[in-house]
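Chemist: My questions all concern the structure below.
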Amino acid sequence: KIYKFLQKHENLIIVWHHRWTVSLLEEFFNNEEGYTEYQSEQDKYLNIKREPTNIKNTTLSERQNYIIKDIKSSIKEILEKGHSLIIVYPVPEMAFNVPTLLNQKYLYSKILNRELEVPILTSSYDVYKKRNKIIFNVLDNIQHPNLYRVYPHESFCNTKILNRCLANDEDHLFYYDDDHLSLEGSKYIVNDIIKVIGKIEINKKISR
């Protein structure tokens, strides 16, 4: 349905975001600091293997190659149809439910009669870079004048706290669970997307 839509319409601006790393690694997130996205080792691995329907029992490396090939061909097909493509890179994962953990830490401080400063929850920027290395390499090596990029980690990582990715600040939660951005968190990414759309529109006017 998507490709039929792309064929039917011309000169679209497409925004593409996906949690590619889970599919590529076939593992849910472990922040390497005591929190995991999964409850047990049995739940750690992705149940559905991303492989061609006519090929079974592939290795992880083979499945990764199929996924990478599919990503590249999908991007190529979109761009060859004359559309502009904005790729949104991986959003930092936390591995803990941000609202739940923040509430627990805040209430704990209140019970102990400590100052009620809002705890700032974070995850490791180094772990983020290590986990998403494959997809970064894939996306970074695709070049096209109508291909644009938005980097969520630039809004949340290595900003207020060195080498950390923020889950919240004093006023807002950036996540509504462990890896999905909240409305407030999404605003950062949406603003970046809007800026890119502005550049695309300017380029279209110039090319006319």
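Labeling convention for the structure tokens: chains A, B, ... as they appear, residues from 1 per chain, ligands from 1 in order of appearance.
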Taking only residues of segment 57-124 of chain A that have an atom at most 9 Å from an atom of segment 36-47 of chain A, what is each one's shortest atom pair and its distance in Å to one decimal, using only C-alpha atoms, in chain and number order, as JSON lines?

Modeler:
```
{"residue": "A:Glu93", "atom": "CA", "partner": "A:Glu37", "partner_atom": "CA", "distance": 9.0}
{"residue": "A:Met94", "atom": "CA", "partner": "A:Glu37", "partner_atom": "CA", "distance": 8.1}
{"residue": "A:Ala95", "atom": "CA", "partner": "A:Glu37", "partner_atom": "CA", "distance": 4.5}
{"residue": "A:Phe96", "atom": "CA", "partner": "A:Glu37", "partner_atom": "CA", "distance": 6.6}
{"residue": "A:Asn97", "atom": "CA", "partner": "A:Glu37", "partner_atom": "CA", "distance": 8.8}
```

Chemist: Since we have the selection now, will you write its residues out, keeping N, CA and C atoms, as a PDB file, in the first residue's frame?

Modeler:
```pdb
ATOM      1  N   GLU A  93      17.499   4.628  23.898  1.00  0.00           N
ATOM      2  CA  GLU A  93      16.658   3.762  24.727  1.00  0.00           C
ATOM      3  C   GLU A  93      17.083   3.910  26.187  1.00  0.00           C
ATOM      4  N   MET A  94      16.170   3.673  27.089  1.00  0.00           N
ATOM      5  CA  MET A  94      16.459   3.811  28.510  1.00  0.00           C
ATOM      6  C   MET A  94      16.525   2.468  29.253  1.00  0.00           C
ATOM      7  N   ALA A  95      15.658   1.539  28.868  1.00  0.00           N
ATOM      8  CA  ALA A  95      15.540   0.213  29.498  1.00  0.00           C
ATOM      9  C   ALA A  95      14.733   0.235  30.790  1.00  0.00           C
ATOM     10  N   PHE A  96      14.413   1.417  31.296  1.00  0.00           N
ATOM     11  CA  PHE A  96      13.529   1.528  32.463  1.00  0.00           C
ATOM     12  C   PHE A  96      12.345   2.417  32.080  1.00  0.00           C
ATOM     13  N   ASN A  97      11.211   2.159  32.720  1.00  0.00           N
ATOM     14  CA  ASN A  97      10.031   2.983  32.478  1.00  0.00           C
ATOM     15  C   ASN A  97      10.258   4.335  33.146  1.00  0.00           C
TER      16      ASN A  97
END
```

Chemist: Return as a PyMOL selection string the full set of residues in chain A whose backbone-based DSSP assignment is alpha helix (DSSP H).

Modeler: chain A and resi 2-8+20-25+60-80+98-111+125-131+133-140+153-156+183-207

Chemist: Compile the contact shell of Ile13 of chain A as a VMD selection string: residues with an atom at most 10 Å away, counting only C-alpha atoms, same-chain residues fewer than 4 positions apart removed.

Modeler: chain A and resid 82 to 86 146 197 200 to 201

Chemist: Filtering to all heavy atoms, could you give me those residues as a JSON list (two decimals), in the first residue's frame?

Modeler:
```json
[["chain", "number", "residue", "atom", "x", "y", "z"],
["A", 82, "GLY", "N", 11.71, 10.34, -7.11],
["A", 82, "GLY", "CA", 11.73, 11.79, -7.07],
["A", 82, "GLY", "C", 11.28, 12.41, -5.76],
["A", 82, "GLY", "O", 11.13, 13.63, -5.66],
["A", 83, "HIS", "N", 11.06, 11.57, -4.75],
["A", 83, "HIS", "CA", 10.63, 12.09, -3.45],
["A", 83, "HIS", "C", 11.83, 12.55, -2.62],
["A", 83, "HIS", "O", 12.97, 12.15, -2.88],
["A", 83, "HIS", "CB", 9.87, 11.01, -2.67],
["A", 83, "HIS", "CG", 8.70, 10.44, -3.41],
["A", 83, "HIS", "ND1", 7.69, 11.23, -3.91],
["A", 83, "HIS", "CD2", 8.37, 9.15, -3.73],
["A", 83, "HIS", "CE1", 6.78, 10.47, -4.51],
["A", 83, "HIS", "NE2", 7.18, 9.21, -4.42],
["A", 84, "SER", "N", 11.58, 13.37, -1.63],
["A", 84, "SER", "CA", 12.59, 13.74, -0.64],
["A", 84, "SER", "C", 12.38, 12.86, 0.59],
["A", 84, "SER", "O", 11.24, 12.62, 1.01],
["A", 84, "SER", "CB", 12.47, 15.21, -0.26],
["A", 84, "SER", "OG", 12.71, 16.04, -1.37],
["A", 85, "LEU", "N", 13.47, 12.38, 1.18],
["A", 85, "LEU", "CA", 13.38, 11.45, 2.31],
["A", 85, "LEU", "C", 14.13, 12.00, 3.51],
["A", 85, "LEU", "O", 15.31, 12.36, 3.41],
["A", 85, "LEU", "CB", 13.96, 10.09, 1.92],
["A", 85, "LEU", "CG", 14.01, 9.02, 3.01],
["A", 85, "LEU", "CD1", 12.62, 8.70, 3.55],
["A", 85, "LEU", "CD2", 14.69, 7.75, 2.50],
["A", 86, "ILE", "N", 13.44, 12.07, 4.64],
["A", 86, "ILE", "CA", 14.05, 12.45, 5.91],
["A", 86, "ILE", "C", 14.14, 11.20, 6.78],
["A", 86, "ILE", "O", 13.13, 10.62, 7.15],
["A", 86, "ILE", "CB", 13.23, 13.52, 6.65],
["A", 86, "ILE", "CG1", 13.05, 14.77, 5.77],
["A", 86, "ILE", "CG2", 13.91, 13.90, 7.97],
["A", 86, "ILE", "CD1", 12.07, 15.79, 6.35],
["A", 146, "ASN", "N", 18.65, 14.32, -2.23],
["A", 146, "ASN", "CA", 17.31, 14.43, -1.65],
["A", 146, "ASN", "C", 17.15, 13.61, -0.38],
["A", 146, "ASN", "O", 16.03, 13.38, 0.07],
["A", 146, "ASN", "CB", 16.25, 14.00, -2.67],
["A", 146, "ASN", "CG", 16.12, 15.00, -3.81],
["A", 146, "ASN", "OD1", 16.45, 16.17, -3.66],
["A", 146, "ASN", "ND2", 15.67, 14.52, -4.96],
["A", 197, "ILE", "N", 12.34, 20.22, 6.62],
["A", 197, "ILE", "CA", 11.31, 20.44, 5.61],
["A", 197, "ILE", "C", 11.44, 21.85, 5.02],
["A", 197, "ILE", "O", 11.27, 22.05, 3.81],
["A", 197, "ILE", "CB", 9.91, 20.23, 6.21],
["A", 197, "ILE", "CG1", 9.70, 18.75, 6.52],
["A", 197, "ILE", "CG2", 8.81, 20.73, 5.27],
["A", 197, "ILE", "CD1", 8.40, 18.43, 7.25],
["A", 200, "ILE", "N", 14.14, 21.75, 2.48],
["A", 200, "ILE", "CA", 13.70, 21.04, 1.27],
["A", 200, "ILE", "C", 12.85, 21.97, 0.40],
["A", 200, "ILE", "O", 13.01, 22.03, -0.82],
["A", 200, "ILE", "CB", 12.89, 19.78, 1.64],
["A", 200, "ILE", "CG1", 13.82, 18.76, 2.32],
["A", 200, "ILE", "CG2", 12.26, 19.16, 0.40],
["A", 200, "ILE", "CD1", 13.09, 17.56, 2.90],
["A", 201, "GLU", "N", 11.94, 22.71, 1.05],
["A", 201, "GLU", "CA", 11.07, 23.62, 0.30],
["A", 201, "GLU", "C", 11.88, 24.72, -0.38],
["A", 201, "GLU", "O", 11.59, 25.12, -1.51],
["A", 201, "GLU", "CB", 10.02, 24.22, 1.24],
["A", 201, "GLU", "CG", 9.03, 23.20, 1.81],
["A", 201, "GLU", "CD", 8.12, 22.60, 0.76],
["A", 201, "GLU", "OE1", 8.15, 23.06, -0.40],
["A", 201, "GLU", "OE2", 7.41, 21.63, 1.08]]
```

Chemist: As a ChimeraX atom specification, please: the residues near Leu60 of chain A (cut-off 9 Å, only C-alpha atoms, same-chain neighbours under 6 positions excluded).

Modeler: /A:24-26,49

Chemist: Could you write out the selected residues, including N, CA and C atoms, as an mmCIF file, in the first residue's frame?

Modeler:
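Saved result, result_21.cif, follows:
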```cif
data_model
loop_
_atom_site.group_PDB
_atom_site.id
_atom_site.type_symbol
_atom_site.label_atom_id
_atom_site.label_comp_id
_atom_site.auth_asym_id
_atom_site.auth_seq_id
_atom_site.Cartn_x
_atom_site.Cartn_y
_atom_site.Cartn_z
ATOM 1 N N LEU A 24 17.962 -5.651 13.795
ATOM 2 C CA LEU A 24 19.304 -6.036 13.363
ATOM 3 C C LEU A 24 20.016 -6.916 14.388
ATOM 4 N N LEU A 25 19.937 -6.546 15.653
ATOM 5 C CA LEU A 25 20.624 -7.299 16.705
ATOM 6 C C LEU A 25 19.788 -8.456 17.239
ATOM 7 N N GLU A 26 18.467 -8.365 17.014
ATOM 8 C CA GLU A 26 17.509 -9.357 17.527
ATOM 9 C C GLU A 26 17.569 -9.447 19.050
ATOM 10 N N LYS A 49 12.130 -13.543 13.455
ATOM 11 C CA LYS A 49 13.370 -13.351 12.712
ATOM 12 C C LYS A 49 13.068 -12.683 11.376
#
```

Chemist: DSSP on the backbone: what in segment 14-168 of chain A comes out strand (DSSP E), as an MDAnalysis selection string?

Modeler: chainID A and resid 14:17 84:88 122:124 147:150 164:166

Chemist: Keeping only N, CA, C and O atoms, write the selected residues to a file as a PDB file, in the first residue's frame.

Modeler:
```pdb
ATOM      1  N   ILE A  14       8.976  12.559   2.661  1.00  0.00           N
ATOM      2  CA  ILE A  14       8.704  11.369   3.459  1.00  0.00           C
ATOM      3  C   ILE A  14       9.602  11.366   4.689  1.00  0.00           C
ATOM      4  O   ILE A  14      10.815  11.586   4.588  1.00  0.00           O
ATOM      5  N   VAL A  15       9.015  11.111   5.845  1.00  0.00           N
ATOM      6  CA  VAL A  15       9.773  10.979   7.089  1.00  0.00           C
ATOM      7  C   VAL A  15       9.756   9.504   7.480  1.00  0.00           C
ATOM      8  O   VAL A  15       8.691   8.897   7.607  1.00  0.00           O
ATOM      9  N   TRP A  16      10.943   8.933   7.658  1.00  0.00           N
ATOM     10  CA  TRP A  16      11.051   7.499   7.952  1.00  0.00           C
ATOM     11  C   TRP A  16      11.812   7.291   9.250  1.00  0.00           C
ATOM     12  O   TRP A  16      12.958   7.704   9.388  1.00  0.00           O
ATOM     13  N   HIS A  17      11.133   6.670  10.199  1.00  0.00           N
ATOM     14  CA  HIS A  17      11.786   6.297  11.455  1.00  0.00           C
ATOM     15  C   HIS A  17      11.376   4.876  11.807  1.00  0.00           C
ATOM     16  O   HIS A  17      10.219   4.484  11.642  1.00  0.00           O
ATOM     17  N   SER A  84      11.583  13.373  -1.634  1.00  0.00           N
ATOM     18  CA  SER A  84      12.593  13.737  -0.640  1.00  0.00           C
ATOM     19  C   SER A  84      12.384  12.858   0.595  1.00  0.00           C
ATOM     20  O   SER A  84      11.243  12.617   1.007  1.00  0.00           O
ATOM     21  N   LEU A  85      13.471  12.382   1.178  1.00  0.00           N
ATOM     22  CA  LEU A  85      13.380  11.454   2.307  1.00  0.00           C
ATOM     23  C   LEU A  85      14.134  12.003   3.512  1.00  0.00           C
ATOM     24  O   LEU A  85      15.310  12.357   3.410  1.00  0.00           O
ATOM     25  N   ILE A  86      13.439  12.073   4.638  1.00  0.00           N
ATOM     26  CA  ILE A  86      14.054  12.454   5.912  1.00  0.00           C
ATOM     27  C   ILE A  86      14.145  11.203   6.775  1.00  0.00           C
ATOM     28  O   ILE A  86      13.127  10.620   7.150  1.00  0.00           O
ATOM     29  N   ILE A  87      15.360  10.783   7.073  1.00  0.00           N
ATOM     30  CA  ILE A  87      15.562   9.621   7.944  1.00  0.00           C
ATOM     31  C   ILE A  87      15.787  10.109   9.367  1.00  0.00           C
ATOM     32  O   ILE A  87      16.671  10.930   9.622  1.00  0.00           O
ATOM     33  N   VAL A  88      14.991   9.603  10.290  1.00  0.00           N
ATOM     34  CA  VAL A  88      15.165   9.905  11.707  1.00  0.00           C
ATOM     35  C   VAL A  88      15.964   8.767  12.329  1.00  0.00           C
ATOM     36  O   VAL A  88      15.506   7.623  12.361  1.00  0.00           O
ATOM     37  N   THR A 122      19.051   9.109  33.383  1.00  0.00           N
ATOM     38  CA  THR A 122      19.868   9.081  32.166  1.00  0.00           C
ATOM     39  C   THR A 122      20.269   7.656  31.804  1.00  0.00           C
ATOM     40  O   THR A 122      20.139   6.729  32.601  1.00  0.00           O
ATOM     41  N   SER A 123      20.769   7.523  30.587  1.00  0.00           N
ATOM     42  CA  SER A 123      21.423   6.288  30.166  1.00  0.00           C
ATOM     43  C   SER A 123      22.744   6.658  29.499  1.00  0.00           C
ATOM     44  O   SER A 123      23.001   7.825  29.205  1.00  0.00           O
ATOM     45  N   SER A 124      23.577   5.668  29.251  1.00  0.00           N
ATOM     46  CA  SER A 124      24.928   5.914  28.741  1.00  0.00           C
ATOM     47  C   SER A 124      24.932   6.251  27.251  1.00  0.00           C
ATOM     48  O   SER A 124      24.357   5.520  26.435  1.00  0.00           O
ATOM     49  N   LEU A 147      18.266  13.181   0.190  1.00  0.00           N
ATOM     50  CA  LEU A 147      18.236  12.430   1.450  1.00  0.00           C
ATOM     51  C   LEU A 147      18.679  13.339   2.587  1.00  0.00           C
ATOM     52  O   LEU A 147      19.759  13.936   2.530  1.00  0.00           O
ATOM     53  N   TYR A 148      17.851  13.442   3.604  1.00  0.00           N
ATOM     54  CA  TYR A 148      18.120  14.311   4.751  1.00  0.00           C
ATOM     55  C   TYR A 148      18.082  13.487   6.037  1.00  0.00           C
ATOM     56  O   TYR A 148      17.491  12.411   6.083  1.00  0.00           O
ATOM     57  N   ARG A 149      18.703  14.003   7.095  1.00  0.00           N
ATOM     58  CA  ARG A 149      18.849  13.237   8.327  1.00  0.00           C
ATOM     59  C   ARG A 149      18.492  14.072   9.550  1.00  0.00           C
ATOM     60  O   ARG A 149      18.800  15.255   9.616  1.00  0.00           O
ATOM     61  N   VAL A 150      17.848  13.410  10.502  1.00  0.00           N
ATOM     62  CA  VAL A 150      17.554  14.013  11.810  1.00  0.00           C
ATOM     63  C   VAL A 150      18.130  13.086  12.871  1.00  0.00           C
ATOM     64  O   VAL A 150      17.925  11.865  12.819  1.00  0.00           O
ATOM     65  N   ARG A 164      25.976  11.341  28.754  1.00  0.00           N
ATOM     66  CA  ARG A 164      24.716  10.741  29.207  1.00  0.00           C
ATOM     67  C   ARG A 164      23.581  11.169  28.282  1.00  0.00           C
ATOM     68  O   ARG A 164      23.622  12.247  27.680  1.00  0.00           O
ATOM     69  N   CYS A 165      22.561  10.309  28.184  1.00  0.00           N
ATOM     70  CA  CYS A 165      21.358  10.620  27.418  1.00  0.00           C
ATOM     71  C   CYS A 165      20.219  10.859  28.401  1.00  0.00           C
ATOM     72  O   CYS A 165      19.932   9.999  29.247  1.00  0.00           O
ATOM     73  N   LEU A 166      19.580  12.015  28.311  1.00  0.00           N
ATOM     74  CA  LEU A 166      18.581  12.429  29.291  1.00  0.00           C
ATOM     75  C   LEU A 166      17.220  11.795  29.028  1.00  0.00           C
ATOM     76  O   LEU A 166      16.755  11.749  27.888  1.00  0.00           O
TER      77      LEU A 166
END
```

Chemist: Between atom CA of Pro52 of chain A and atom CA of Ile75 of chain A, what is the distance in Å, rounded to a tenth?

Modeler: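 Rounded to one decimal, the two atoms are 18.3 Å apart.
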
Chemist: What is the distance, in Å and to one decimal place, between atom CA of His18 of chain A and atom CA of Tyr89 of chain A?

Modeler: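 It comes out at 8.1 Å.
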
Chemist: So, counting only C-alpha atoms, which residue among A:Asn54, A:Asn31, A:Gln7, A:Ser61 is closest to Ile134 of chain A?

Modeler: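 Nearest to Ile134 of chain A: A:Ser61.
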
Chemist: Would you compute the distance between atom CA of His180 of chain A and atom CA of Phe29 of chain A? Give it in Å to one decimal.

Modeler: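 So the two atoms, atom CA of His180 of chain A and atom CA of Phe29 of chain A, lie 12.8 Å apart.
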